[in-house]
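Notes follow once the structure below has been shown.
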Amino acid sequence: MGAAIGGGLAGLTAIGSGLFGLRTARLQLRHQESEAARQRRFESLTERRGPRSQAYAEFVAAGQELIDALYGQEHEFLEHFEALQRNIRKRRSNVAIAGPDTVVRAAGEFADEVRDFRNKMAHGHRRGYPFNHKHGLEARLEAFAKAARAALEDEGHPS
């Protein structure tokens, strides 16, 4: 009887050890899969960082050029401003492709601010020197730059 009980307990111990080992193996596999997915995301982000960085930098440069034009003379200002606005729209398309959505949205808000600024200037709703009305443009461009920096700093950690 003692041998039967001892054998039964040994069998239960073996089954328990086997189940524990199986559970541990499943947890390890899940962790490895999660780590592999994180690594793939990180590598993908790293590959996209260069083109994104370039698209963002070009957009900021075009925006800053437009704001800097406000320091110029009023002579032929609107024509020059419209050319700069076209450059913003062109750079915005590069940002739209590069993504992510937060940066695309910030680029759109800046481009909308530029369009509104231009329309108010063209229709006489803005009086005085254009430089005096640059603050909205600067704030939107800074918001874009902040979103771009955050996107470039993303290291692939799940949200």
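Chains: A, B, ... in order of the structure tokens. Residues: from 1 per chain. Ligands: from 1, in order shown.
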
Spatial neighbours of Val114 of chain A, max dist 10 Å, only C-alpha atoms, sep filter under 5 positions, as a list in words: Gly63, Leu66, Ile67, Phe81, Glu82, Leu84, Gln85, Ile88, Arg89, Gly108, Glu109, Asn119, Lys120, Lys134, Gly136, Leu137, Arg140 and Leu141 of chain A

Convert the current residue selection to file output with all heavy atoms, as a compact mmCIF listing (two decimals), in the first residue's frame.
# COMPACT_ATOMS: atom_id res chain seq x y z
N GLY A 63 8.59 76.42 -44.06
CA GLY A 63 7.78 77.24 -43.16
C GLY A 63 8.55 78.43 -42.62
O GLY A 63 8.03 79.55 -42.55
N LEU A 66 8.95 81.06 -45.20
CA LEU A 66 7.73 81.83 -45.34
C LEU A 66 7.61 82.86 -44.22
O LEU A 66 7.31 84.03 -44.46
CB LEU A 66 6.52 80.88 -45.32
CG LEU A 66 5.17 81.54 -45.51
CD1 LEU A 66 4.38 80.75 -46.53
CD2 LEU A 66 4.45 81.59 -44.19
N ILE A 67 7.89 82.46 -42.99
CA ILE A 67 7.82 83.40 -41.86
C ILE A 67 8.87 84.49 -42.01
O ILE A 67 8.60 85.66 -41.76
CB ILE A 67 7.96 82.63 -40.53
CG1 ILE A 67 6.70 81.78 -40.29
CG2 ILE A 67 8.18 83.60 -39.37
CD1 ILE A 67 6.80 80.81 -39.14
N PHE A 81 4.78 85.63 -51.20
CA PHE A 81 4.15 84.79 -50.18
C PHE A 81 3.43 83.61 -50.82
O PHE A 81 3.50 82.49 -50.32
CB PHE A 81 3.17 85.63 -49.35
CG PHE A 81 2.72 84.94 -48.10
CD1 PHE A 81 3.46 85.02 -46.94
CD2 PHE A 81 1.53 84.22 -48.08
CE1 PHE A 81 3.04 84.39 -45.78
CE2 PHE A 81 1.10 83.58 -46.94
CZ PHE A 81 1.86 83.67 -45.77
N GLU A 82 2.75 83.84 -51.94
CA GLU A 82 2.04 82.76 -52.63
C GLU A 82 3.02 81.70 -53.15
O GLU A 82 2.72 80.50 -53.09
CB GLU A 82 1.18 83.32 -53.76
CG GLU A 82 -0.04 84.05 -53.25
CD GLU A 82 -0.81 84.78 -54.33
OE1 GLU A 82 -0.30 84.92 -55.46
OE2 GLU A 82 -1.93 85.21 -54.03
N LEU A 84 5.85 80.95 -51.76
CA LEU A 84 6.27 80.22 -50.56
C LEU A 84 5.16 79.28 -50.08
O LEU A 84 5.43 78.18 -49.60
CB LEU A 84 6.66 81.21 -49.46
CG LEU A 84 7.90 82.06 -49.77
CD1 LEU A 84 8.07 83.16 -48.74
CD2 LEU A 84 9.14 81.19 -49.86
N GLN A 85 3.94 79.72 -50.22
CA GLN A 85 2.80 78.87 -49.84
C GLN A 85 2.75 77.61 -50.71
O GLN A 85 2.49 76.52 -50.21
CB GLN A 85 1.49 79.65 -49.94
CG GLN A 85 0.28 78.84 -49.52
CD GLN A 85 -1.03 79.60 -49.70
OE1 GLN A 85 -1.07 80.65 -50.33
NE2 GLN A 85 -2.09 79.06 -49.16
N ILE A 88 5.18 75.20 -49.38
CA ILE A 88 4.65 74.54 -48.17
C ILE A 88 3.75 73.37 -48.57
O ILE A 88 3.86 72.27 -48.04
CB ILE A 88 3.85 75.54 -47.30
CG1 ILE A 88 4.78 76.60 -46.72
CG2 ILE A 88 3.07 74.82 -46.20
CD1 ILE A 88 5.74 76.11 -45.69
N ARG A 89 2.85 73.62 -49.53
CA ARG A 89 1.95 72.55 -49.96
C ARG A 89 2.73 71.37 -50.53
O ARG A 89 2.40 70.21 -50.29
CB ARG A 89 0.94 73.09 -50.98
CG ARG A 89 -0.14 73.94 -50.35
CD ARG A 89 -1.31 74.17 -51.30
NE ARG A 89 -0.94 74.67 -52.60
CZ ARG A 89 -0.93 75.96 -52.95
NH1 ARG A 89 -1.24 76.89 -52.08
NH2 ARG A 89 -0.59 76.33 -54.16
N GLY A 108 -0.71 69.82 -41.57
CA GLY A 108 -1.96 70.34 -42.12
C GLY A 108 -2.42 71.59 -41.40
O GLY A 108 -2.91 72.54 -42.04
N GLU A 109 -2.26 71.61 -40.08
CA GLU A 109 -2.67 72.79 -39.31
C GLU A 109 -1.80 74.00 -39.67
O GLU A 109 -2.30 75.11 -39.78
CB GLU A 109 -2.61 72.49 -37.82
CG GLU A 109 -3.70 71.52 -37.39
CD GLU A 109 -3.53 71.00 -35.97
OE1 GLU A 109 -2.52 71.34 -35.30
OE2 GLU A 109 -4.41 70.24 -35.53
N ASN A 119 -5.12 84.47 -47.28
CA ASN A 119 -6.44 84.94 -47.66
C ASN A 119 -6.80 86.25 -46.97
O ASN A 119 -7.38 87.16 -47.58
CB ASN A 119 -7.50 83.89 -47.38
CG ASN A 119 -7.41 82.71 -48.33
OD1 ASN A 119 -6.78 82.80 -49.38
ND2 ASN A 119 -7.99 81.59 -47.94
N LYS A 120 -6.47 86.37 -45.70
CA LYS A 120 -6.75 87.61 -44.98
C LYS A 120 -5.92 88.77 -45.53
O LYS A 120 -6.40 89.90 -45.59
CB LYS A 120 -6.50 87.41 -43.48
CG LYS A 120 -7.57 86.55 -42.84
CD LYS A 120 -7.29 86.28 -41.38
CE LYS A 120 -8.39 85.38 -40.82
NZ LYS A 120 -8.11 84.96 -39.45
N LYS A 134 2.60 87.46 -37.43
CA LYS A 134 3.31 86.20 -37.65
C LYS A 134 3.15 85.19 -36.53
O LYS A 134 3.48 84.02 -36.68
CB LYS A 134 4.80 86.47 -37.85
CG LYS A 134 5.51 86.95 -36.61
CD LYS A 134 6.96 87.24 -36.89
CE LYS A 134 7.67 87.79 -35.70
NZ LYS A 134 7.75 86.93 -34.57
N GLY A 136 0.72 83.46 -35.08
CA GLY A 136 -0.05 82.23 -35.34
C GLY A 136 0.74 81.26 -36.20
O GLY A 136 0.73 80.05 -35.96
N LEU A 137 1.44 81.80 -37.19
CA LEU A 137 2.27 80.94 -38.05
C LEU A 137 3.40 80.30 -37.25
O LEU A 137 3.67 79.11 -37.38
CB LEU A 137 2.84 81.76 -39.21
CG LEU A 137 1.84 82.30 -40.23
CD1 LEU A 137 2.49 83.30 -41.15
CD2 LEU A 137 1.23 81.15 -41.01
N ARG A 140 2.11 77.45 -34.98
CA ARG A 140 1.78 76.22 -35.73
C ARG A 140 3.04 75.51 -36.21
O ARG A 140 3.11 74.28 -36.20
CB ARG A 140 0.88 76.53 -36.91
CG ARG A 140 -0.49 77.02 -36.55
CD ARG A 140 -1.31 75.94 -35.94
NE ARG A 140 -2.66 76.45 -35.74
CZ ARG A 140 -3.60 75.81 -35.11
NH1 ARG A 140 -3.37 74.62 -34.60
NH2 ARG A 140 -4.78 76.34 -34.97
N LEU A 141 4.04 76.27 -36.64
CA LEU A 141 5.29 75.66 -37.10
C LEU A 141 6.01 75.00 -35.92
O LEU A 141 6.55 73.90 -36.06
CB LEU A 141 6.19 76.68 -37.78
CG LEU A 141 7.44 76.11 -38.46
CD1 LEU A 141 7.06 75.08 -39.53
CD2 LEU A 141 8.27 77.22 -39.08

Closest pair table for segment 75-99 of chain A residues within 7 Å of segment 53-59 of chain A, only C-alpha atoms, as CSV:
residue,atom,partner,partner_atom,distance
A:Ile88,CA,A:Phe59,CA,6.5
A:Arg91,CA,A:Phe59,CA,5.2
A:Arg92,CA,A:Phe59,CA,6.6
A:Asn94,CA,A:Ala55,CA,5.8
A:Val95,CA,A:Ala55,CA,5.6

DSSP alpha helix (DSSP H) residues within chain A, as number ranges by chain: A: 2-69, 77-98, 101-122, 135-153

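Nearest residue to Ala122 of chain A among A:Thr102, A:Glu79, A:Gly50, A:Ala139 is A:Glu79, counting only C-alpha atoms.
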